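> I'd like to ask some things about the structure below.
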Amino acid sequence: MNIRAKVAALTAGIFVVLGFAEILVESRVIMPSFAELERSNARIAMRRISYALDLALDHVAVMAMDWGNWGDTYRFVQDHNPDFIKANINNSALRQLNANVLLIVDRDGVVLLSHELNLKSEEPLGLDLARRKSLPADFPWRASFLGTQAVHGLLPTNRGILMLAGAPVLDGRGGGPVRGMILLGQLLSPTEVGSIAAQAQADLALLAAGAASSREQLVETDTVTRVYRSFDDLYGRPLMTLRVEVPREVTLRGRAAVTYASVCLVGAAVMVLILLVVVLNRLVLTPLAQLTRHAVALDQGRDLTSRLDIERSDEIGVLARELDRMVARIAESRTQLVDQSFQAGFAELAKGVLHNLGNAMTPIGVRLTRLGERLQGAPIEDAERAVAELQAGTADPMRSADLEEFLRLACRELAGTVRAARGDLEVMARQAGAIQSMLAEQMRSARNEHVIEPVRLTELVAQALEIVPDSCRQRLALESDESLRRVGVVRVARTVLRLILQNLIINAADAVRDAGKPRGTLHISAEIVFEDGREQLHLRVRDDGVGIPAANLERVFEKGFSTKPRDTNHGIGLHWCANAINALGGRIWAASDGPGCGASMHLSVPLAAHEAVSLAGAA
C-alpha cells in the first residue's frame, strides 16, 4: 500500500476513532461529571443545613450560658428566692430569648424552676419536660453538672422536637462551685425549619426517624437529587431525618449542550475530512511521490548528477532544491569532511585531556615537593651520629644525657614528619584516584555517552576541591549556599561537572590574585529551574576577583581567548567547559558588573529522570 492510500485510510480511521472517543467521553466523563456535580451540590446543601442547625443549637447554648453564669441565678439555686422568679422568669423573658421552655435544676437533678410558653399564642405549651419535678436518672447531661461548658442537643417531647441546651450555674465570674444547670429549649417548629432552610438556601423537609436506610443516603430521580440525613437525640437514638432536594438542571442543560456540540462536531469533521484529503493529495502526496522516486533512483544508480528541478516556493520546493544542492556537494566533500572531523575531534579531546591532567597534576607536584623538603629537613644524620656515639659508650654521663634528650626531640620531630608525610600521601592517593577517574571518563566519553550518577551537590563541590591546587584553595574562602543542601541529590554526569567546577575554582583563584587581594571569597549556590520543557540544574559560582569587562563576557568561552599571559594560559579551560556543558545539553554563561567587581559563572544542566530528591528523604 502506497502512502496515498495509507494517508486516506489513516485520516478516515482517525476521524472514526475521534468520533467514538467523543461519544465515549460524553457518556463516561462529561455526563457523569454533571451528575457528580449535582450530587456534590446536594451533599454540600445538606452540610449547610447541618451547619445551620448547629448554629441554631449554639445560639440556644449561648443564651443558656448567659443565664447560667449570672450571680442572681447562682444565689437563687442556693436560697430559692421567689423575688428572682417574679423579676426574671416570665413570658417576656422567654420571648426575648425566643425560647419555649426554661428550667433551673440543682446538682441532684431536682427542678427548682420551670417556665414554658407558646410563642405564638402566649399560652403554656403543656410540655412534658416542664412538668417534671426532677430529671430522669438516665438523663445524659447529669454528668455535665460538674463541668463548666455548655452542652446542646435534640430531645423528643410531646409537642415535637426540642432544641435543648444546658449550661452550668456559675457565680457570674465563670467560677464555682457548680450549683446546678440551666436548661433552655426551643421547639424545632416549621418556622424554625424554614429559617434553617433559608440560611442554607436549600429545599428542606423534616421527616420522621427511619425515613433513610443509612446515616446519610443519596437518591436520584430524573428531575431531582435528594439527600437524606438522620439525626440522633440526646440519648443517641434516631430522632428525625432531614431531606434536601436539588433540581437536576445541570444534567438537563448539559445533555442539550452536548447533543448540540456533537452534531456540530460531526458536520465539521466530515467537511474537514474531505478538504484534508484533497489538499494533502495535491500539495503533499503527489510531490512527495516524485521526491521518493528520485531518492530511490539515486540509491539504485549511484548517479549524483541527476536533479529534481522542482519549481515551487513551499517547503517541498525548498526541500527539492536543497536535495539537489546536497547531492552536488556530497561527492567532493565526503572524504574531506570525515578526515577533518576526525582530526578536529581528536585535537579537541587531546587539549581538554592535557589541560585537565595539568590542573590535576599540579597539586600532586606541590605536595611531592613539600614532602621532599620535609624529608630533607629531618634530622636523620644527626640522630644516627647520636645513636652511634651512645652505642660506643665513650661519652660522659652529661654528654649521654644531652644525646638522649636530643634523640627524644629528634624522634618527636621525625614522628611529626612521618604523620605529615602520611597525610600528604593520603591526599595524593585521592588525587591520583581522581586522575584515574578522569582518564576513565575521557575514555568512556570517546566511545559512549556520559555516565549519569546521583550525587549531592555539597559532595560534588568537595570532590572538585580535592583536585584543585593547594595554592588556589588557600587563596579562596569557599561559601557554600544553603541552596546546595536544599537541592539534595541530582542525577548528572558527575565526573564532567566536577572537572568544570575545578576549572571555575582555579579561574576564580587566579582572578583574586590578579585583583591584588591576598584572599578572596567564592560563593556557590544552586537551584532547580524549569527551562525548555524540562527541569534543569542551575549552578552559580561567584567570586570577588578582578571581574570581566562587558566586551569580554561572550569571548571568555572562545577557543584560545584569555586575558592571562600566554606562557601560563592557553585559553583552553573555559572553552573546554563550554564544549563539555554543551555536550550534556546545557549551557554556560558569564556575568560581571565590570573590572574590579568580581564575576559570576552560571551553569545550566538538564537533569535526568528522578532528578531531585530532598536531603531529608534521601538520608
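How things are named: the first chain in the C-alpha cells is A, the next is B, and so on; residues count from 1 in each chain; ligands count from 1 in the order shown.
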Tell me which protein, DNA and RNA residues are within 7 Å of Asn100 (chain A), counting only C-alpha atoms, leaving out same-chain ones fewer than 5 positions away, and put them as JSON, numbers by chain.

{"A": [94, 116, 117, 118, 119, 185, 186, 187]}

> Pick out the residues sitting within 12 Å of Trp141 (chain A), and hand them over as a list of chain:residue names; count only C-alpha atoms, and ignore anything fewer than 3 positions along from it in its own chain.

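So, after excluding close chain neighbours, the residues are A:Val105, A:Arg107, A:Asp108, A:Gly109, A:Leu135, A:Pro136, A:Ala137, A:Asp138, A:Ser144, A:Phe145, A:Leu146, A:Gly147, A:Gln149, A:Ala150, A:Val151, A:His152, A:Gly153, A:Leu155, A:Leu164, A:Ala165, A:Gly166, A:Ala167, A:Pro168, A:Gly180, A:Met181, A:Ile182, A:Leu183, A:Leu234, A:Tyr235.
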
> Pick out the residues sitting within 9 Å of region 80-91 of chain A, and hand them over as a PDB file with N, CA, C and O atoms, in the first residue's frame; count only C-alpha atoms, and ignore anything fewer than 6 positions along from it in its own chain.


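Output file part-v6.pdb follows:
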ATOM      1  N   ASP A  72     -27.390  36.333  90.063  1.00  0.00           N
ATOM      2  CA  ASP A  72     -28.747  36.167  90.614  1.00  0.00           C
ATOM      3  C   ASP A  72     -29.203  34.721  90.512  1.00  0.00           C
ATOM      4  O   ASP A  72     -29.818  34.175  91.440  1.00  0.00           O
ATOM      5  N   THR A  73     -28.918  34.072  89.371  1.00  0.00           N
ATOM      6  CA  THR A  73     -29.271  32.658  89.230  1.00  0.00           C
ATOM      7  C   THR A  73     -28.508  31.810  90.231  1.00  0.00           C
ATOM      8  O   THR A  73     -29.040  30.875  90.843  1.00  0.00           O
ATOM      9  N   LEU A 102     -37.785  27.083  79.931  1.00  0.00           N
ATOM     10  CA  LEU A 102     -36.609  27.398  80.734  1.00  0.00           C
ATOM     11  C   LEU A 102     -36.723  26.630  82.044  1.00  0.00           C
ATOM     12  O   LEU A 102     -37.746  26.709  82.734  1.00  0.00           O
ATOM     13  N   LEU A 112     -35.866  23.133  90.154  1.00  0.00           N
ATOM     14  CA  LEU A 112     -36.203  24.201  91.088  1.00  0.00           C
ATOM     15  C   LEU A 112     -37.183  25.180  90.472  1.00  0.00           C
ATOM     16  O   LEU A 112     -37.968  25.820  91.192  1.00  0.00           O
ATOM     17  N   LEU A 113     -37.161  25.323  89.169  1.00  0.00           N
ATOM     18  CA  LEU A 113     -37.990  26.313  88.491  1.00  0.00           C
ATOM     19  C   LEU A 113     -38.167  25.878  87.050  1.00  0.00           C
ATOM     20  O   LEU A 113     -37.213  25.394  86.421  1.00  0.00           O
ATOM     21  N   SER A 114     -39.391  26.023  86.534  1.00  0.00           N
ATOM     22  CA  SER A 114     -39.626  25.757  85.119  1.00  0.00           C
ATOM     23  C   SER A 114     -40.674  26.725  84.611  1.00  0.00           C
ATOM     24  O   SER A 114     -41.618  27.084  85.334  1.00  0.00           O
ATOM     25  N   HIS A 115     -40.478  27.164  83.373  1.00  0.00           N
ATOM     26  CA  HIS A 115     -41.431  28.076  82.749  1.00  0.00           C
ATOM     27  C   HIS A 115     -41.477  27.760  81.267  1.00  0.00           C
ATOM     28  O   HIS A 115     -40.436  27.569  80.630  1.00  0.00           O
ATOM     29  N   GLU A 116     -42.701  27.655  80.707  1.00  0.00           N
ATOM     30  CA  GLU A 116     -42.876  27.333  79.305  1.00  0.00           C
ATOM     31  C   GLU A 116     -43.823  28.326  78.666  1.00  0.00           C
ATOM     32  O   GLU A 116     -44.629  28.961  79.352  1.00  0.00           O
ATOM     33  N   LEU A 117     -43.729  28.439  77.333  1.00  0.00           N
ATOM     34  CA  LEU A 117     -44.545  29.429  76.643  1.00  0.00           C
ATOM     35  C   LEU A 117     -44.671  29.051  75.179  1.00  0.00           C
ATOM     36  O   LEU A 117     -43.697  28.679  74.530  1.00  0.00           O
ATOM     37  N   LEU A 119     -44.921  30.649  71.922  1.00  0.00           N
ATOM     38  CA  LEU A 119     -44.558  31.997  71.476  1.00  0.00           C
ATOM     39  C   LEU A 119     -45.591  32.616  70.556  1.00  0.00           C
ATOM     40  O   LEU A 119     -45.633  33.845  70.404  1.00  0.00           O
ATOM     41  N   GLU A 122     -49.078  32.791  73.291  1.00  0.00           N
ATOM     42  CA  GLU A 122     -48.840  33.301  74.641  1.00  0.00           C
ATOM     43  C   GLU A 122     -49.462  32.407  75.712  1.00  0.00           C
ATOM     44  O   GLU A 122     -49.729  32.844  76.830  1.00  0.00           O
TER      45      GLU A 122
END

> Looking at only C-alpha atoms, which of A:Glu381, A:Ala5, A:Asp510, A:Met398 is the one that sits closest to Gln474 (chain A)?

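Using only C-alpha atoms, the shortest distance to Gln474 (chain A) belongs to A:Asp510.
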
> Between CA of Asn359 (chain A) and CA of Glu527 (chain A), what is the spacing in Å?

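Between CA of Glu527 (chain A) and CA of Asn359 (chain A) the gap works out to 27.8 Å.
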
> Between A:Asp424, A:Pro595, A:Met326, A:Gly175, which residue has the minimum interatomic distance to Arg370 (chain A), considering only C-alpha atoms?

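Among the listed residues, the smallest separation from Arg370 (chain A) belongs to A:Asp424.
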
> Excluding Arg215 (chain A) and residues on its chain fewer than 5 positions from it, collect all residues at most 8 Å away from it, counting only C-alpha atoms, and give them as a list of chain:residue names.

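Result of the neighbour search: A:Tyr228, A:Arg229, A:Ser230.
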
> For C-alpha atoms, I'd like the residues from the last selection saved as an mmCIF file, in the first residue's frame.


data_model
loop_
_atom_site.group_PDB
_atom_site.id
_atom_site.type_symbol
_atom_site.label_atom_id
_atom_site.label_comp_id
_atom_site.auth_asym_id
_atom_site.auth_seq_id
_atom_site.Cartn_x
_atom_site.Cartn_y
_atom_site.Cartn_z
ATOM 1 C CA TYR A 228 -31.363 12.189 53.485
ATOM 2 C CA ARG A 229 -29.509 12.526 56.797
ATOM 3 C CA SER A 230 -30.532 11.072 60.158
#

> May I ask which of the residues A:Gly68, A:Gly254, A:Gly545, A:Gly573 is the closest one to Glu558 (chain A), counting only C-alpha atoms?

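Going through A:Gly68, A:Gly254, A:Gly545, A:Gly573 one by one, the smallest distance to Glu558 (chain A) is for A:Gly573.
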
> Running DSSP on the backbone, which parts of region 12-248 of chain A land in strand (DSSP E), as a VMD selection string?

chain A and resid 101 to 106 111 to 116 151 to 157 160 to 168 180 to 187 203 to 208 216 to 220 224 to 232 238 to 247

> So which one's closest to Lys6 (chain A), A:Val277, A:Ala429, A:Asp233, A:Ala462? Using only C-alpha atoms, please.

A:Val277

> Using DSSP on the backbone, list every residue of region 181-339 of chain A that comes out as alpha helix (DSSP H), and give them as a PyMOL selection string.

chain A and resi 190-200+249-280+286-301+315-339

> Write out as number ranges by chain which residues come within 10 Å of Ile528 (chain A) when counting only C-alpha atoms, dropping same-chain ones fewer than 6 positions away.

A: 483, 486-487, 490, 535-539, 604-607, 611-612

> Could the residues in this selection be written to a file with N, CA, C and O atoms, as a PDB file, in the first residue's frame?


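Below is the file selection-v4.pdb, written as the result:
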ATOM      1  N   SER A 483      21.313  26.611  49.592  1.00  0.00           N
ATOM      2  CA  SER A 483      20.569  26.018  48.476  1.00  0.00           C
ATOM      3  C   SER A 483      21.218  24.734  47.978  1.00  0.00           C
ATOM      4  O   SER A 483      20.530  23.866  47.430  1.00  0.00           O
ATOM      5  N   ARG A 486      19.589  22.154  50.065  1.00  0.00           N
ATOM      6  CA  ARG A 486      18.152  22.037  49.794  1.00  0.00           C
ATOM      7  C   ARG A 486      17.895  21.303  48.481  1.00  0.00           C
ATOM      8  O   ARG A 486      16.943  20.538  48.381  1.00  0.00           O
ATOM      9  N   VAL A 487      18.728  21.515  47.476  1.00  0.00           N
ATOM     10  CA  VAL A 487      18.532  20.813  46.201  1.00  0.00           C
ATOM     11  C   VAL A 487      18.677  19.313  46.391  1.00  0.00           C
ATOM     12  O   VAL A 487      17.955  18.518  45.801  1.00  0.00           O
ATOM     13  N   VAL A 490      20.991  15.043  42.866  1.00  0.00           N
ATOM     14  CA  VAL A 490      20.644  15.243  41.455  1.00  0.00           C
ATOM     15  C   VAL A 490      21.347  14.178  40.627  1.00  0.00           C
ATOM     16  O   VAL A 490      22.371  13.618  41.024  1.00  0.00           O
ATOM     17  N   GLU A 535      13.186  20.065  33.615  1.00  0.00           N
ATOM     18  CA  GLU A 535      13.859  20.620  34.787  1.00  0.00           C
ATOM     19  C   GLU A 535      15.376  20.606  34.570  1.00  0.00           C
ATOM     20  O   GLU A 535      15.920  19.642  34.022  1.00  0.00           O
ATOM     21  N   GLN A 536      16.018  21.693  35.017  1.00  0.00           N
ATOM     22  CA  GLN A 536      17.454  21.820  34.847  1.00  0.00           C
ATOM     23  C   GLN A 536      18.067  22.300  36.150  1.00  0.00           C
ATOM     24  O   GLN A 536      17.446  22.998  36.942  1.00  0.00           O
ATOM     25  N   LEU A 537      19.337  21.900  36.331  1.00  0.00           N
ATOM     26  CA  LEU A 537      20.116  22.351  37.484  1.00  0.00           C
ATOM     27  C   LEU A 537      20.848  23.635  37.110  1.00  0.00           C
ATOM     28  O   LEU A 537      21.603  23.659  36.139  1.00  0.00           O
ATOM     29  N   HIS A 538      20.618  24.685  37.906  1.00  0.00           N
ATOM     30  CA  HIS A 538      21.296  25.973  37.667  1.00  0.00           C
ATOM     31  C   HIS A 538      22.300  26.193  38.796  1.00  0.00           C
ATOM     32  O   HIS A 538      21.930  26.377  39.954  1.00  0.00           O
ATOM     33  N   LEU A 539      23.605  26.166  38.454  1.00  0.00           N
ATOM     34  CA  LEU A 539      24.691  26.428  39.401  1.00  0.00           C
ATOM     35  C   LEU A 539      25.248  27.825  39.157  1.00  0.00           C
ATOM     36  O   LEU A 539      25.433  28.234  38.010  1.00  0.00           O
ATOM     37  N   SER A 604      23.872  25.718  33.451  1.00  0.00           N
ATOM     38  CA  SER A 604      22.523  25.135  33.389  1.00  0.00           C
ATOM     39  C   SER A 604      22.639  23.762  32.740  1.00  0.00           C
ATOM     40  O   SER A 604      23.050  23.654  31.591  1.00  0.00           O
ATOM     41  N   VAL A 605      22.299  22.710  33.522  1.00  0.00           N
ATOM     42  CA  VAL A 605      22.472  21.331  33.065  1.00  0.00           C
ATOM     43  C   VAL A 605      21.127  20.612  33.151  1.00  0.00           C
ATOM     44  O   VAL A 605      20.488  20.630  34.209  1.00  0.00           O
ATOM     45  N   PRO A 606      20.669  19.966  32.065  1.00  0.00           N
ATOM     46  CA  PRO A 606      19.418  19.190  32.152  1.00  0.00           C
ATOM     47  C   PRO A 606      19.576  18.037  33.134  1.00  0.00           C
ATOM     48  O   PRO A 606      20.616  17.394  33.208  1.00  0.00           O
ATOM     49  N   LEU A 607      18.516  17.790  33.890  1.00  0.00           N
ATOM     50  CA  LEU A 607      18.521  16.710  34.868  1.00  0.00           C
ATOM     51  C   LEU A 607      17.897  15.458  34.267  1.00  0.00           C
ATOM     52  O   LEU A 607      16.938  15.528  33.499  1.00  0.00           O
ATOM     53  N   GLU A 611      15.198  13.574  39.013  1.00  0.00           N
ATOM     54  CA  GLU A 611      16.376  14.405  39.098  1.00  0.00           C
ATOM     55  C   GLU A 611      16.697  14.927  40.475  1.00  0.00           C
ATOM     56  O   GLU A 611      17.842  15.093  40.819  1.00  0.00           O
ATOM     57  N   ALA A 612      15.695  15.218  41.288  1.00  0.00           N
ATOM     58  CA  ALA A 612      15.996  15.858  42.561  1.00  0.00           C
ATOM     59  C   ALA A 612      15.272  15.146  43.676  1.00  0.00           C
ATOM     60  O   ALA A 612      14.098  14.864  43.583  1.00  0.00           O
TER      61      ALA A 612
END

> So, with only C-alpha atoms as the atoms that count, which of A:Leu407, A:Val16, A:Ala208, A:Val366 lies closest to Arg385 (chain A)?

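Nearest candidate to Arg385 (chain A) out of A:Leu407, A:Val16, A:Ala208, A:Val366: A:Leu407.
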
> Between CA of Leu499 (chain A) and CA of Ala578 (chain A), what distance in Å does the model show, to one decimal?

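These two atoms are separated by 11.7 Å.
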
> Tell me which protein, DNA and RNA residues are within 6 Å of Ser600 (chain A), counting only C-alpha atoms, leaving out same-chain ones fewer than 2 positions away, and put them as a list of chain:residue names.

A:Val541, A:Arg542, A:Ala590, A:Ala591

> Go ahead and dump the residues you just picked, N, CA and C atoms, as a short mmCIF file (atom, residue, chain, number, x, y, z; two decimals), in the first residue's frame.


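Wrote it out as out_12.cif, contents follow:
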data_model
loop_
_atom_site.label_atom_id
_atom_site.label_comp_id
_atom_site.auth_asym_id
_atom_site.auth_seq_id
_atom_site.Cartn_x
_atom_site.Cartn_y
_atom_site.Cartn_z
N VAL A 541 28.52 30.24 40.36
CA VAL A 541 29.81 30.35 41.03
C VAL A 541 30.26 31.81 40.95
N ARG A 542 30.28 32.50 42.11
CA ARG A 542 30.57 33.95 42.13
C ARG A 542 31.83 34.21 42.95
N ALA A 590 28.61 33.90 31.47
CA ALA A 590 29.30 34.70 32.48
C ALA A 590 28.54 36.00 32.71
N ALA A 591 28.70 36.55 33.93
CA ALA A 591 28.09 37.83 34.28
C ALA A 591 29.07 38.58 35.18
#

> For a quick check of understanding, using only C-alpha atoms, which of A:Cys597, A:Met271, A:Ile23, A:Ala45 has the smallest distance to Thr259 (chain A)?

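Closest candidate: A:Ile23.
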
> Kindly give the distance, in Å, that separates CA of Val546 (chain A) and CA of Pro518 (chain A), rounded to a single decimal.

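According to the coordinates, CA of Val546 (chain A) and CA of Pro518 (chain A) are separated by 12.6 Å.
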